[in-house]
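Heads up: the structure comes next, in structure tokens.
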Amino acid sequence: GEDVEQSLFLSVREGDSSVINCTYTDSSSTYLYWYKQEPGAGLQLLTYIFSNMDMKQDQRLTVLLNKKDKHLSLRIADTQTGDSAIYFCAENSGSARQLTFGSGTQLTVLP
Amino acid sequence: GAGVSQSPSNKVTEKGKDVELRCDPISGHTALYWYRQRLGQGLEFLIYFQGNSAPDKSGLPSDRFSAERTGESVSTLTIQRTQQEDSAVYLCASSLEASGGRAQYFGPGTRLLVL
């Protein structure tokens, strides 16, 4: 079945850029998503990208997609302490309605 | 309302009891999803509803789990004879329609603890 993998932890200094990586196995993935989860809260949709795109930028967020390598990344510019959270990568293919999630990357922003 | 709401926010129950969790989707969203998140893990799909179509129950882990939705409104997830391994956060999401690219918006979840 489909699988989505993420590294578990990332620490960065405040003001630096963060890059969170994700790999997936389903070659028919058509949409890929990034969600943010703060402690005790639900998931907040950050951004998503269609598989025919290589890049999408939204303010401090840049999503890069390498479809050949099935690799997705989320870059957060000028990382702030408020960015500390768990970031989930998720995908669905055109035929699937539900999302398949990675295990999440815990981002810690150090002062 | 402005977002997806869920109730209760927390639920503690004894093993063997039944529990009912509620989800109010965003108004106008025809698709509704239930996911389960175990501690320190990603989300597992449970079930989704799309309008009046038959729900996709392929993610339900056992016949103790069931869900209902009336039209395009509230949904309830019922867990019968709860077990300790059912302890998790149960998240509900809704989207404009159940098709690829329709972003899913999540509620805050119900934290279930089975003692």
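Residue numbers start at 1 in each chain; chains themselves are named A, B, ... in the order of the structure tokens; ligands are numbered from 1 in the order shown.
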query = Near chain B, which residues of chain A fall within 7 Å when you count only C-alpha atoms, and what do they look like as a ChimeraX atom specification?
reply = /A:31,41-45,92-94,97-98,101-104
request  = Run DSSP on the backbone of this structure and report the residues of segment 4-80 of chain B it assigns to strand (DSSP E or B), as a PyMOL selection string.
outcome  = chain B and resi 5-7+10-13+19-24+31-37+43-50+56+65-69+75-79
task = Give the answer as one residue: which of A:Met53, A:Leu65, A:Leu72, A:Ala77 has the shortest atom-to-atom distance to Ser18 of chain A, using only C-alpha atoms?
result = A:Ala77
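Of the residues under consideration (A:Ser17, A:Ser11, A:Thr23, A:Thr100), A:Thr23 shows the shortest atom-to-atom contact distance to Asp69 of chain A when counting only C-alpha atoms.
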task = Would you mind reading off the distance between atom CA of Phe88 of chain A and atom CA of Gly40 of chain A, one decimal, in Å?
result =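 If I compute the distance from atom CA of Phe88 of chain A to atom CA of Gly40 of chain A, I get 15.0 Å.
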key: Nearest residue to Tyr24 of chain A from the set A:Asp58, A:Asp78, A:Asp83, A:Asp3 (distances using only C-alpha atoms)   = A:Asp3
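One finds atom CA of Ala90 of chain A at 17.4 Å from atom CA of Ile76 of chain A.
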Polymer residues at most 8 Å from Arg13 of chain A, only C-alpha atoms, same-chain spacing of 2 or more positions, as a ChimeraX atom specification = /A:11,15-16,79,109-111
Prev. selection, N, CA, C and O atoms, output as a short mmCIF file (atom, residue, chain, number, x, y, z; two decimals), in the first residue's frame:
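So selection31.cif came out as:
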```
data_model
loop_
_atom_site.label_atom_id
_atom_site.label_comp_id
_atom_site.auth_asym_id
_atom_site.auth_seq_id
_atom_site.Cartn_x
_atom_site.Cartn_y
_atom_site.Cartn_z
N SER A 11 15.68 20.40 14.56
CA SER A 11 15.89 21.58 15.40
C SER A 11 16.60 22.65 14.59
O SER A 11 17.55 22.35 13.88
N GLY A 15 15.21 32.38 13.21
CA GLY A 15 15.74 33.21 12.13
C GLY A 15 16.33 32.42 10.99
O GLY A 15 16.45 32.93 9.86
N ASP A 16 16.73 31.16 11.26
CA ASP A 16 17.25 30.31 10.19
C ASP A 16 16.10 29.75 9.36
O ASP A 16 14.92 29.88 9.73
N THR A 79 12.52 31.14 10.37
CA THR A 79 11.74 30.35 11.32
C THR A 79 11.60 31.06 12.66
O THR A 79 12.58 31.58 13.20
N VAL A 109 12.19 25.08 17.46
CA VAL A 109 12.90 26.30 17.13
C VAL A 109 13.56 26.83 18.39
O VAL A 109 12.89 27.15 19.38
N LEU A 110 14.88 26.91 18.36
CA LEU A 110 15.66 27.33 19.52
C LEU A 110 15.93 28.82 19.46
O LEU A 110 16.21 29.36 18.39
N PRO A 111 15.85 29.49 20.60
CA PRO A 111 16.07 30.95 20.60
C PRO A 111 17.52 31.31 20.34
O PRO A 111 18.41 30.50 20.50
#
```
message = What's around segment 72-85 of chain B at 10 Å? Count only C-alpha atoms, leave out sequence neighbours fewer than 4 positions away in its own chain, and write the answer as a PyMOL selection string.
response = chain B and resi 5-7+13-34+38+46-47+49-52+62-68+90+92+112-115
